[in-house]
$ cat query-v1.cif   # mmCIF, C-alpha atoms and all ligand atoms
data_query
#
loop_
_atom_site.label_atom_id
_atom_site.label_comp_id
_atom_site.auth_asym_id
_atom_site.auth_seq_id
_atom_site.Cartn_x
_atom_site.Cartn_y
_atom_site.Cartn_z
CA MET A 12 -69.23 5.13 -11.24
CA LYS A 13 -73.04 5.37 -10.96
CA VAL A 14 -74.57 8.73 -10.10
CA ARG A 15 -77.98 8.96 -8.47
CA LEU A 16 -79.80 12.12 -7.50
CA GLU A 17 -82.82 11.99 -5.25
CA ASN A 18 -85.18 14.93 -4.81
CA ILE A 19 -82.59 17.68 -5.31
CA SER A 20 -84.00 21.19 -4.89
CA LYS A 21 -82.24 24.53 -4.89
CA SER A 22 -83.08 28.21 -4.72
CA PHE A 23 -80.71 31.15 -4.46
CA GLU A 24 -83.38 33.62 -3.37
CA LYS A 25 -86.31 32.86 -1.15
CA GLY A 26 -89.38 31.89 -3.16
CA LYS A 27 -87.47 31.58 -6.45
CA SER A 28 -86.90 27.94 -7.06
CA ILE A 29 -84.10 27.09 -9.53
CA LEU A 30 -84.22 23.29 -9.28
CA LYS A 31 -87.36 21.45 -8.23
CA ASP A 32 -87.27 17.92 -6.94
CA ILE A 33 -84.72 16.51 -9.38
CA SER A 34 -84.35 12.73 -9.31
CA LEU A 35 -82.34 10.79 -11.86
CA MET A 36 -79.95 7.92 -12.30
CA ILE A 37 -76.83 7.77 -14.46
CA ASP A 38 -75.28 4.36 -15.09
CA ASP A 39 -71.62 3.52 -14.88
CA GLY A 40 -69.89 4.59 -18.11
CA GLU A 41 -72.94 6.40 -19.43
CA PHE A 42 -72.73 9.71 -21.32
CA CYS A 43 -75.61 11.75 -19.92
CA VAL A 44 -76.57 15.15 -21.32
CA PHE A 45 -78.49 17.85 -19.44
CA LEU A 46 -80.33 19.71 -22.17
CA GLY A 47 -82.50 22.80 -21.80
CA PRO A 48 -82.83 26.50 -22.58
CA SER A 49 -80.65 29.15 -21.01
CA GLY A 50 -81.40 29.65 -17.33
CA CYS A 51 -83.24 26.34 -16.80
CA GLY A 52 -80.80 25.25 -14.07
CA LYS A 53 -78.46 22.85 -15.92
CA THR A 54 -75.22 24.41 -14.68
CA THR A 55 -76.52 24.69 -11.14
CA LEU A 56 -77.33 20.97 -11.16
CA LEU A 57 -73.87 20.14 -12.51
CA ARG A 58 -72.24 22.34 -9.86
CA ILE A 59 -74.24 20.60 -7.16
CA ILE A 60 -72.94 17.23 -8.38
CA ALA A 61 -69.41 18.70 -8.34
CA GLY A 62 -69.90 20.06 -4.83
CA LEU A 63 -69.32 23.65 -5.97
CA GLU A 64 -72.89 24.54 -5.03
CA LYS A 65 -74.82 23.26 -2.03
CA GLU A 66 -78.26 21.73 -2.60
CA ASP A 67 -81.08 22.86 -0.28
CA THR A 68 -82.60 19.40 -0.07
CA GLY A 69 -82.01 15.98 -1.58
CA THR A 70 -79.38 13.27 -1.70
CA ILE A 71 -76.49 12.61 -4.06
CA PHE A 72 -75.15 9.09 -4.41
CA PHE A 73 -71.93 8.04 -6.15
CA ASN A 74 -72.45 4.31 -6.57
CA ASP A 75 -74.36 3.59 -3.37
CA LYS A 76 -72.51 6.07 -1.17
CA VAL A 77 -74.09 9.35 -0.08
CA ILE A 78 -71.57 12.09 -0.91
CA ASN A 79 -73.48 15.28 -0.01
CA SER A 80 -70.94 16.34 2.57
CA LEU A 81 -67.79 15.48 0.55
CA GLU A 82 -65.59 18.42 -0.47
CA PRO A 83 -65.33 18.93 -4.27
CA LYS A 84 -61.69 17.86 -4.26
CA ASN A 85 -62.63 14.55 -2.67
CA ARG A 86 -65.38 13.71 -5.15
CA ASN A 87 -62.92 12.37 -7.73
CA ILE A 88 -64.36 14.35 -10.64
CA GLY A 89 -62.79 16.09 -13.63
CA MET A 90 -64.47 19.27 -14.83
CA VAL A 91 -64.25 21.03 -18.18
CA PHE A 92 -65.76 24.48 -18.56
CA GLN A 93 -66.89 26.62 -21.48
CA ASN A 94 -64.12 29.18 -20.97
CA TYR A 95 -61.38 26.49 -20.62
CA ALA A 96 -60.26 28.01 -17.28
CA LEU A 97 -56.58 27.36 -18.08
CA TYR A 98 -53.80 29.06 -16.13
CA PRO A 99 -52.57 31.70 -18.62
CA HIS A 100 -49.05 31.94 -17.18
CA LEU A 101 -48.48 28.18 -17.28
CA ASN A 102 -47.53 26.27 -20.42
CA VAL A 103 -49.44 23.22 -21.68
CA PHE A 104 -47.26 20.81 -19.70
CA ASP A 105 -47.84 22.62 -16.42
CA ASN A 106 -51.54 23.13 -17.03
CA ILE A 107 -52.03 19.40 -17.49
CA ALA A 108 -49.64 18.64 -14.61
CA PHE A 109 -51.35 21.03 -12.19
CA PRO A 110 -53.87 18.65 -10.58
CA LEU A 111 -51.14 16.01 -10.24
CA LYS A 112 -48.80 18.44 -8.49
CA ILE A 113 -51.56 19.51 -6.12
CA SER A 114 -52.19 15.89 -5.19
CA GLY A 115 -48.48 15.44 -4.43
CA GLU A 116 -47.48 13.07 -7.22
CA LYS A 117 -43.76 12.44 -7.74
CA LYS A 118 -42.02 14.45 -10.47
CA GLU A 119 -41.14 11.44 -12.62
CA LYS A 120 -44.68 10.09 -12.42
CA ILE A 121 -46.08 13.50 -13.39
CA LYS A 122 -43.81 13.71 -16.41
CA GLU A 123 -44.78 10.26 -17.59
CA ARG A 124 -48.49 10.95 -17.18
CA VAL A 125 -48.39 14.37 -18.91
CA LEU A 126 -46.52 12.91 -21.88
CA GLN A 127 -49.02 10.09 -22.12
CA ILE A 128 -51.98 12.51 -21.97
CA SER A 129 -50.48 15.01 -24.41
CA GLU A 130 -50.06 12.19 -26.89
CA PHE A 131 -53.64 11.14 -26.27
CA ILE A 132 -55.03 14.64 -26.90
CA GLY A 133 -52.69 15.28 -29.84
CA LEU A 134 -50.68 18.11 -28.27
CA LYS A 135 -47.30 16.46 -27.73
CA GLU A 136 -45.60 19.07 -29.89
CA TYR A 137 -47.12 21.95 -27.93
CA LEU A 138 -46.03 21.26 -24.37
CA ASP A 139 -44.04 24.52 -24.15
CA TYR A 140 -46.85 26.70 -25.52
CA LYS A 141 -48.81 29.10 -23.34
CA PRO A 142 -52.62 29.07 -23.72
CA LYS A 143 -52.65 32.32 -25.67
CA GLN A 144 -50.44 30.74 -28.36
CA LEU A 145 -53.04 28.02 -28.97
CA SER A 146 -56.26 27.91 -31.00
CA GLY A 147 -59.64 27.54 -29.26
CA GLY A 148 -59.80 23.85 -30.09
CA GLN A 149 -56.27 23.25 -28.76
CA ARG A 150 -57.06 25.12 -25.54
CA GLN A 151 -60.12 23.01 -25.02
CA ARG A 152 -57.97 19.90 -25.54
CA VAL A 153 -55.59 21.13 -22.84
CA ALA A 154 -58.57 21.62 -20.53
CA LEU A 155 -59.60 18.06 -21.32
CA GLY A 156 -56.09 16.82 -20.69
CA ARG A 157 -56.06 18.53 -17.32
CA ALA A 158 -59.44 17.01 -16.46
CA ILE A 159 -58.30 13.47 -17.28
CA SER A 160 -54.86 13.72 -15.69
CA ARG A 161 -55.97 12.35 -12.34
CA SER A 162 -58.15 9.63 -13.91
CA PRO A 163 -61.36 10.87 -12.32
CA GLN A 164 -64.34 8.57 -11.92
CA ILE A 165 -66.74 11.14 -13.39
CA PHE A 166 -66.35 13.85 -16.01
CA LEU A 167 -68.48 16.97 -15.79
CA PHE A 168 -68.64 19.14 -18.90
CA ASP A 169 -70.24 22.59 -18.84
CA GLU A 170 -70.90 23.65 -22.44
CA PRO A 171 -67.26 22.93 -23.31
CA LEU A 172 -67.63 23.53 -27.05
CA SER A 173 -69.72 26.67 -27.18
CA ASN A 174 -66.76 29.03 -27.68
CA LEU A 175 -65.63 27.19 -30.80
CA ASP A 176 -66.66 27.87 -34.39
CA ALA A 177 -69.13 25.50 -36.08
CA LYS A 178 -66.58 23.31 -37.86
CA LEU A 179 -64.26 22.93 -34.91
CA ARG A 180 -67.21 22.21 -32.71
CA MET A 181 -68.20 19.29 -34.88
CA GLN A 182 -64.65 17.97 -34.86
CA MET A 183 -64.29 18.34 -31.08
CA ARG A 184 -67.68 16.69 -30.58
CA THR A 185 -66.35 13.60 -32.32
CA GLU A 186 -63.07 13.75 -30.40
CA LEU A 187 -64.85 14.10 -27.07
CA TYR A 188 -67.13 11.24 -27.88
CA GLN A 189 -64.22 9.01 -28.90
CA LEU A 190 -62.38 9.97 -25.75
CA HIS A 191 -65.40 8.96 -23.73
CA LYS A 192 -65.63 5.62 -25.53
CA GLU A 193 -61.94 4.94 -24.93
CA LEU A 194 -61.92 5.90 -21.27
CA GLY A 195 -65.41 4.60 -20.47
CA THR A 196 -65.76 7.18 -17.69
CA THR A 197 -69.23 8.24 -16.59
CA SER A 198 -69.79 11.68 -18.11
CA ILE A 199 -72.33 14.43 -17.56
CA TYR A 200 -72.50 17.09 -20.23
CA VAL A 201 -74.44 20.35 -20.02
CA THR A 202 -75.60 22.01 -23.22
CA HIS A 203 -78.45 24.00 -24.73
CA ASP A 204 -77.44 22.69 -28.16
CA GLN A 205 -79.82 19.92 -29.17
CA VAL A 206 -77.49 18.65 -31.89
CA GLU A 207 -74.75 18.06 -29.32
CA ALA A 208 -77.24 16.34 -27.05
CA MET A 209 -78.65 14.13 -29.78
CA THR A 210 -75.30 13.11 -31.24
CA MET A 211 -73.38 12.51 -28.02
CA GLY A 212 -75.83 11.47 -25.35
CA ASP A 213 -76.59 7.88 -24.36
CA LYS A 214 -79.21 9.49 -22.20
CA ILE A 215 -80.70 12.99 -22.36
CA VAL A 216 -82.28 14.76 -19.40
CA VAL A 217 -84.44 17.60 -20.72
CA LEU A 218 -84.90 20.42 -18.22
CA ASN A 219 -87.10 23.48 -18.24
CA ASN A 220 -87.64 25.94 -15.39
CA GLY A 221 -85.76 23.66 -13.02
CA ILE A 222 -88.05 20.71 -13.68
CA ILE A 223 -87.18 17.49 -15.51
CA GLN A 224 -89.37 17.29 -18.59
CA GLN A 225 -88.20 13.91 -19.85
CA ILE A 226 -85.35 11.44 -19.49
CA GLY A 227 -84.65 9.19 -22.44
CA SER A 228 -82.39 8.14 -25.29
CA PRO A 229 -82.05 10.61 -28.18
CA PHE A 230 -84.45 8.38 -30.13
CA GLU A 231 -87.10 8.42 -27.40
CA ILE A 232 -86.80 12.17 -26.88
CA TYR A 233 -87.20 12.85 -30.60
CA GLU A 234 -89.77 10.25 -31.58
CA ASN A 235 -91.74 10.06 -28.39
CA PRO A 236 -91.62 13.44 -26.61
CA SER A 237 -93.53 13.28 -23.35
CA ASN A 238 -94.86 16.81 -23.59
CA LEU A 239 -95.16 19.80 -25.88
CA PHE A 240 -92.05 21.50 -24.47
CA VAL A 241 -89.80 18.55 -25.40
CA ALA A 242 -91.51 18.16 -28.79
CA THR A 243 -90.87 21.79 -29.72
CA PHE A 244 -87.43 22.19 -28.08
CA VAL A 245 -85.89 19.23 -29.90
CA GLY A 246 -85.83 19.10 -33.70
CA ASN A 247 -84.81 21.51 -36.42
CA PRO A 248 -86.88 22.72 -38.22
CA GLN A 249 -89.23 22.73 -35.29
CA ILE A 250 -92.03 20.18 -35.12
CA ASN A 251 -95.23 21.40 -36.83
CA LEU A 252 -98.16 22.12 -34.55
CA PHE A 253 -101.82 22.10 -35.45
CA THR A 254 -104.85 22.68 -33.31
CA ILE A 255 -107.46 19.96 -33.48
CA ASP A 256 -109.84 22.54 -34.96
CA SER A 257 -107.48 23.51 -37.74
CA LEU A 258 -107.17 19.88 -38.75
CA ASN A 259 -110.90 19.65 -38.75
CA LEU A 260 -110.28 20.66 -42.31
CA ASN A 261 -113.44 22.65 -42.75
CA ASP A 262 -111.97 24.92 -45.37
CA ASP A 263 -112.88 24.24 -48.98
CA SER A 264 -109.73 22.60 -50.16
CA SER A 265 -110.10 19.82 -47.64
CA SER A 266 -113.48 18.74 -48.94
CA LEU A 267 -111.55 17.41 -51.89
CA ASN A 268 -110.66 14.52 -49.72
CA GLN A 269 -113.57 13.66 -47.49
CA LYS A 270 -112.81 10.00 -47.69
CA LEU A 271 -109.39 10.43 -46.17
CA ILE A 272 -110.82 12.64 -43.47
CA LEU A 273 -113.41 10.04 -42.56
CA ASN A 274 -110.71 7.45 -42.50
CA PHE A 275 -108.71 9.78 -40.24
CA TYR A 276 -111.49 10.15 -37.72
CA GLU A 277 -112.44 6.50 -37.83
CA SER A 278 -108.99 5.23 -36.99
CA LEU A 279 -108.33 7.94 -34.44
CA LYS A 280 -111.67 7.73 -32.67
CA GLU A 281 -110.20 6.57 -29.42
CA ILE A 282 -107.53 9.21 -29.18
CA LEU A 283 -109.92 11.96 -30.19
CA GLN A 284 -112.18 10.99 -27.31
CA SER A 285 -109.45 12.02 -24.90
CA ASN A 286 -109.76 15.59 -26.18
CA PRO A 287 -106.40 16.42 -27.66
CA VAL A 288 -105.86 20.13 -28.08
CA LYS A 289 -102.65 20.07 -30.09
CA ILE A 290 -101.40 17.77 -32.81
CA ALA A 291 -97.74 17.70 -33.81
CA ILE A 292 -95.86 16.20 -36.72
CA ARG A 293 -92.15 16.26 -37.57
CA PRO A 294 -91.11 17.85 -40.90
CA GLU A 295 -89.92 14.52 -42.31
CA ASN A 296 -93.43 13.07 -41.99
CA ILE A 297 -95.05 15.50 -44.41
CA PHE A 298 -95.18 14.62 -48.09
CA LEU A 299 -96.27 15.84 -51.50
CA LYS A 300 -98.07 12.55 -52.23
CA PRO A 301 -100.24 10.21 -50.16
CA VAL A 302 -97.62 7.53 -49.73
CA PHE A 303 -98.91 5.96 -46.54
CA PRO A 304 -101.99 3.86 -45.81
CA HIS A 305 -103.20 6.63 -43.55
CA SER A 306 -102.53 10.06 -45.00
CA ILE A 307 -104.28 13.29 -44.25
CA PHE A 308 -104.64 15.72 -47.08
CA LEU A 309 -103.89 19.20 -45.89
CA GLY A 310 -104.99 20.87 -49.09
CA LYS A 311 -103.11 22.89 -51.62
CA ARG A 312 -100.68 25.12 -49.76
CA LYS A 313 -98.49 27.97 -50.86
CA ILE A 314 -94.70 27.62 -50.64
CA LEU A 315 -93.23 30.54 -48.69
CA THR A 316 -89.53 29.72 -48.81
CA ILE A 317 -87.29 26.90 -49.95
CA GLU A 318 -84.04 26.10 -48.16
CA TYR A 319 -81.85 23.97 -50.39
CA MET A 320 -79.22 22.24 -48.24
CA GLY A 321 -77.63 19.89 -50.78
CA ASN A 322 -78.57 16.56 -49.24
CA GLU A 323 -82.08 17.72 -48.39
CA THR A 324 -84.48 20.56 -48.98
CA ILE A 325 -86.59 22.26 -46.34
CA VAL A 326 -89.81 23.71 -47.67
CA ASN A 327 -91.76 26.23 -45.61
CA PHE A 328 -95.41 26.57 -46.50
CA GLU A 329 -98.42 28.43 -45.23
CA PHE A 330 -101.25 26.86 -43.31
CA ASN A 331 -103.89 28.99 -41.60
CA LYS A 332 -101.54 31.97 -41.79
CA GLU A 333 -98.86 30.02 -39.94
CA LEU A 334 -95.55 28.77 -41.23
CA LYS A 335 -95.13 24.99 -41.39
CA SER A 336 -92.18 23.00 -42.73
CA PHE A 337 -91.36 19.73 -44.32
CA ARG A 338 -88.08 18.23 -45.40
CA THR A 339 -87.42 16.04 -48.38
CA ASN A 340 -84.35 14.46 -49.90
CA GLU A 341 -86.06 13.89 -53.24
CA LYS A 342 -84.56 15.88 -56.07
CA ILE A 343 -87.72 17.75 -56.99
CA HIS A 344 -88.00 21.20 -58.43
CA LEU A 345 -90.21 23.55 -56.46
CA ASN A 346 -90.73 27.28 -56.71
CA GLN A 347 -91.50 29.93 -54.17
CA ASP A 348 -95.21 31.00 -54.24
CA GLU A 349 -96.14 27.72 -55.97
CA TYR A 350 -99.14 25.81 -54.58
CA ILE A 351 -98.45 22.20 -53.66
CA ASP A 352 -100.49 19.29 -52.32
CA ILE A 353 -99.54 18.49 -48.74
CA TYR A 354 -100.10 15.14 -47.03
CA LEU A 355 -99.38 14.21 -43.43
CA ASN A 356 -98.45 10.68 -42.45
CA GLN A 357 -101.22 10.05 -39.97
CA ASP A 358 -99.32 7.29 -38.18
CA LYS A 359 -96.71 9.84 -37.15
CA LEU A 360 -99.06 12.34 -35.53
CA ILE A 361 -98.42 13.11 -31.86
CA PHE A 362 -101.32 14.28 -29.69
CA PHE A 363 -101.20 16.50 -26.61
CA ASP A 364 -103.83 17.20 -23.98
CA ASN A 365 -104.74 20.56 -22.46
CA ASN A 366 -101.86 20.24 -19.97
CA ASN A 367 -99.52 19.85 -22.95
CA ASN A 368 -98.79 16.24 -22.03
CA LYS A 369 -98.61 13.59 -24.68
CA ILE A 370 -101.71 11.45 -24.92
P1 LIG B 1 -77.11 28.69 -19.28
O1 LIG B 1 -77.34 27.71 -20.40
O2 LIG B 1 -77.47 30.10 -19.68
O3 LIG B 1 -75.78 28.58 -18.61
P2 LIG B 1 -78.36 27.17 -17.15
O4 LIG B 1 -79.50 26.31 -17.54
O5 LIG B 1 -77.04 26.49 -16.97
O6 LIG B 1 -78.23 28.37 -18.16
P3 LIG B 1 -78.00 28.11 -14.46
O7 LIG B 1 -76.68 28.71 -14.72
O8 LIG B 1 -78.06 26.87 -13.67
O9 LIG B 1 -78.80 27.89 -15.83
O10 LIG B 1 -78.90 29.21 -13.77
C1 LIG B 1 -80.25 28.97 -13.42
C2 LIG B 1 -80.81 30.19 -12.71
O11 LIG B 1 -80.16 30.33 -11.45
C3 LIG B 1 -80.60 31.50 -13.43
O12 LIG B 1 -81.77 32.25 -13.32
C4 LIG B 1 -79.46 32.16 -12.69
O13 LIG B 1 -79.59 33.56 -12.72
C5 LIG B 1 -79.65 31.64 -11.28
N1 LIG B 1 -78.37 31.53 -10.57
C6 LIG B 1 -77.34 30.72 -10.87
N2 LIG B 1 -76.32 30.86 -10.00
C7 LIG B 1 -76.72 31.83 -9.11
C8 LIG B 1 -76.12 32.41 -7.94
N3 LIG B 1 -74.90 32.04 -7.52
N4 LIG B 1 -76.83 33.34 -7.28
C9 LIG B 1 -78.07 33.71 -7.69
N5 LIG B 1 -78.71 33.18 -8.75
C10 LIG B 1 -78.04 32.24 -9.47
#
$ encode --input "query-v1.cif" --output "structure tokens"
Amino acid sequence: MKVRLENISKSFEKGKSILKDISLMIDDGEFCVFLGPSGCGKTTLLRIIAGLEKEDTGTIFFNDKVINSLEPKNRNIGMVFQNYALYPHLNVFDNIAFPLKISGEKKEKIKERVLQISEFIGLKEYLDYKPKQLSGGQRQRVALGRAISRSPQIFLFDEPLSNLDAKLRMQMRTELYQLHKELGTTSIYVTHDQVEAMTMGDKIVVLNNGIIQQIGSPFEIYENPSNLFVATFVGNPQINLFTIDSLNLNDDSSSLNQKLILNFYESLKEILQSNPVKIAIRPENIFLKPVFPHSIFLGKRKILTIEYMGNETIVNFEFNKELKSFRTNEKIHLNQDEYIDIYLNQDKLIFFDNNNNKI
């Protein structure tokens, strides 16, 4: 099922707009993630698609049919929430069977379907258990089972993994993704967790203050952020920011490398003419040696902290009294307070104008 939103707007109080002119398209079978900080309107948008909230303006299409006036129960969607929303007095069997009973399925058919689903979600042995006898991960699987029982055409997930601990979350992320691949059902997934968005999404819609900031694949969002908000919201450690003045490199250490600086300005002449005010670079594009044809020497900088993570090391250093970071997977020995040479890969710089849009 394709989902298309055209010019959706919503406010709960007069003058306080929660969603502003949202237009987007989700392809059949796509896994689309709404990503953004708390309060940006993700859940409201999901609830509008579900029919649980009424949009003020705009049109919702499922395939090419306008469905604005359809009741939630007639939209053929399966929803999974953060708090599982299971019926505590019903066992696993009856929780999964509930939507089927409501829709008047025959008893035998229900039994067959619940057994099939419980096998699918790995809870066949737990059909008699009540929710409180299950772990968080198992409860969320029951919620999933209930959502898929009626074979909906669209899945809507509202931060379904945020009540789980880190390890379980990772495991459930994989399970959910596999489930999606197996069923091939169009899915919309709300999260403020960029790792979830990056690892699961075919397409990410980044929202802030009720406005779409960018729509793209995880690769596009990370490598080619359309504005400063997206650049800084996605990526951990956060992307490094420099003002154009600070990279003017007029402190003493930079004069060590005038040739590189000249080279820098020469090859960036055009972009500099459009008056960038901010320059950004991801931590993996900063090095201890000039390994690229176009490197910028940032001078000798003091290491503030070192985060050894096993497969990689994150080094935080000082630049103009600000903390900047790079990551390396080289097995090098560095010490806190040590001064190190820092080089930026010039080809990986991202420039933003005074409206914070990418140049
Ligand atoms: P979170 O990640 O914290 O769940 P979100 O991006 O999903 O945030 P929403 O839940 O959509 O954000 O809320 C967006 C804004 O709309 C918030 O400021 C919230 O207070 C407001 N809001 C949501 N529902 C209502 C409502 N029923 N009545 C009034 N205001 C509401």
$ closest_atom_pairs --input "query-v1.cif" --of "chain A" --to "ligand LIG 1 (chain B)" --cutoff "7 Å" --atoms "all atoms listed in the file" --output "CSV"
residue,atom,partner,partner_atom,distance
A:Phe23,CA,B:LIG1,C9,4.9
A:Glu24,CA,B:LIG1,C9,6.8
A:Ile29,CA,B:LIG1,O11,5.5
A:Gly47,CA,B:LIG1,O4,6.3
A:Pro48,CA,B:LIG1,O1,6.0
A:Ser49,CA,B:LIG1,O2,3.6
A:Gly50,CA,B:LIG1,O9,3.5
A:Cys51,CA,B:LIG1,O4,3.8
A:Gly52,CA,B:LIG1,O8,3.2
A:Lys53,CA,B:LIG1,O4,4.0
A:Thr54,CA,B:LIG1,O5,3.6
A:Thr55,CA,B:LIG1,O8,3.7
A:Leu56,CA,B:LIG1,O8,6.5
A:Thr202,CA,B:LIG1,O1,6.6
A:His203,CA,B:LIG1,O1,5.8
$ residues_near_point --input "query-v1.cif" --point "(-71.0, 17.8, -10.1)" --cutoff "9 Å" --atoms "all atoms listed in the file" --output "list in words"
Thr55, Leu56, Leu57, Arg58, Ile59, Ile60, Ala61, Gly62, Leu63, Glu64, Pro83, Arg86, Ile88, Met90, Ile165, Phe166, Leu167 and Ile199 of chain A
$ residues_around --input "query-v1.cif" --residues "A:Lys112" --least-positions-apart "6" --cutoff "12 Å" --atoms "all atoms listed in the file" --output "list in words"
Phe104, Asp105, Asn106, Lys118, Glu119, Lys120, Ile121, Lys122, Arg124, Val125, Arg157, Ser160 and Arg161 of chain A
$ residues_around --input "query-v1.cif" --residues "stretch 233-247 of chain A" --least-positions-apart "6" --cutoff "10 Å" --atoms "only C-alpha atoms" --output "PDB file with C-alpha atoms, keeping the file's coordinate frame"
ATOM      1  CA  LEU A  46     -80.330  19.710 -22.170  1.00  0.00           C
ATOM      2  CA  GLY A  47     -82.500  22.800 -21.800  1.00  0.00           C
ATOM      3  CA  PRO A  48     -82.830  26.500 -22.580  1.00  0.00           C
ATOM      4  CA  HIS A 203     -78.450  24.000 -24.730  1.00  0.00           C
ATOM      5  CA  ASP A 204     -77.440  22.690 -28.160  1.00  0.00           C
ATOM      6  CA  GLN A 205     -79.820  19.920 -29.170  1.00  0.00           C
ATOM      7  CA  VAL A 206     -77.490  18.650 -31.890  1.00  0.00           C
ATOM      8  CA  ALA A 208     -77.240  16.340 -27.050  1.00  0.00           C
ATOM      9  CA  MET A 209     -78.650  14.130 -29.780  1.00  0.00           C
ATOM     10  CA  VAL A 217     -84.440  17.600 -20.720  1.00  0.00           C
ATOM     11  CA  LEU A 218     -84.900  20.420 -18.220  1.00  0.00           C
ATOM     12  CA  ASN A 219     -87.100  23.480 -18.240  1.00  0.00           C
ATOM     13  CA  GLN A 224     -89.370  17.290 -18.590  1.00  0.00           C
ATOM     14  CA  GLN A 225     -88.200  13.910 -19.850  1.00  0.00           C
ATOM     15  CA  ILE A 226     -85.350  11.440 -19.490  1.00  0.00           C
ATOM     16  CA  GLY A 227     -84.650   9.190 -22.440  1.00  0.00           C
ATOM     17  CA  LYS A 289    -102.650  20.070 -30.090  1.00  0.00           C
ATOM     18  CA  ILE A 290    -101.400  17.770 -32.810  1.00  0.00           C
ATOM     19  CA  ALA A 291     -97.740  17.700 -33.810  1.00  0.00           C
ATOM     20  CA  ILE A 292     -95.860  16.200 -36.720  1.00  0.00           C
ATOM     21  CA  ARG A 293     -92.150  16.260 -37.570  1.00  0.00           C
ATOM     22  CA  PRO A 294     -91.110  17.850 -40.900  1.00  0.00           C
ATOM     23  CA  SER A 336     -92.180  23.000 -42.730  1.00  0.00           C
ATOM     24  CA  LYS A 359     -96.710   9.840 -37.150  1.00  0.00           C
ATOM     25  CA  ILE A 361     -98.420  13.110 -31.860  1.00  0.00           C
ATOM     26  CA  PHE A 362    -101.320  14.280 -29.690  1.00  0.00           C
ATOM     27  CA  PHE A 363    -101.200  16.500 -26.610  1.00  0.00           C
ATOM     28  CA  ASP A 364    -103.830  17.200 -23.980  1.00  0.00           C
ATOM     29  CA  ASN A 366    -101.860  20.240 -19.970  1.00  0.00           C
ATOM     30  CA  ASN A 367     -99.520  19.850 -22.950  1.00  0.00           C
ATOM     31  CA  ASN A 368     -98.790  16.240 -22.030  1.00  0.00           C
ATOM     32  CA  LYS A 369     -98.610  13.590 -24.680  1.00  0.00           C
ATOM     33  CA  ILE A 370    -101.710  11.450 -24.920  1.00  0.00           C
TER      34      ILE A 370
END
$ closest_residue --input "query-v1.cif" --among "A:Asp213, A:Glu318, A:Glu17, A:Glu329" --to "A:Phe73" --atoms "all atoms listed in the file"
A:Glu17
$ residues_around --input "query-v1.cif" --residues "A:Thr70" --least-positions-apart "2" --cutoff "7 Å" --atoms "all atoms listed in the file" --output "JSON, numbers by chain"
{"A": [16, 17, 18, 19, 72, 77, 79]}
$ atom_distance --input "query-v1.cif" --atom1 "atom CA of A:Leu172" --atom2 "atom CA of A:Leu97"
14.7 Å
$ atom_distance --input "query-v1.cif" --atom1 "atom CA of A:Phe337" --atom2 "atom CA of A:Ile297"
5.6 Å
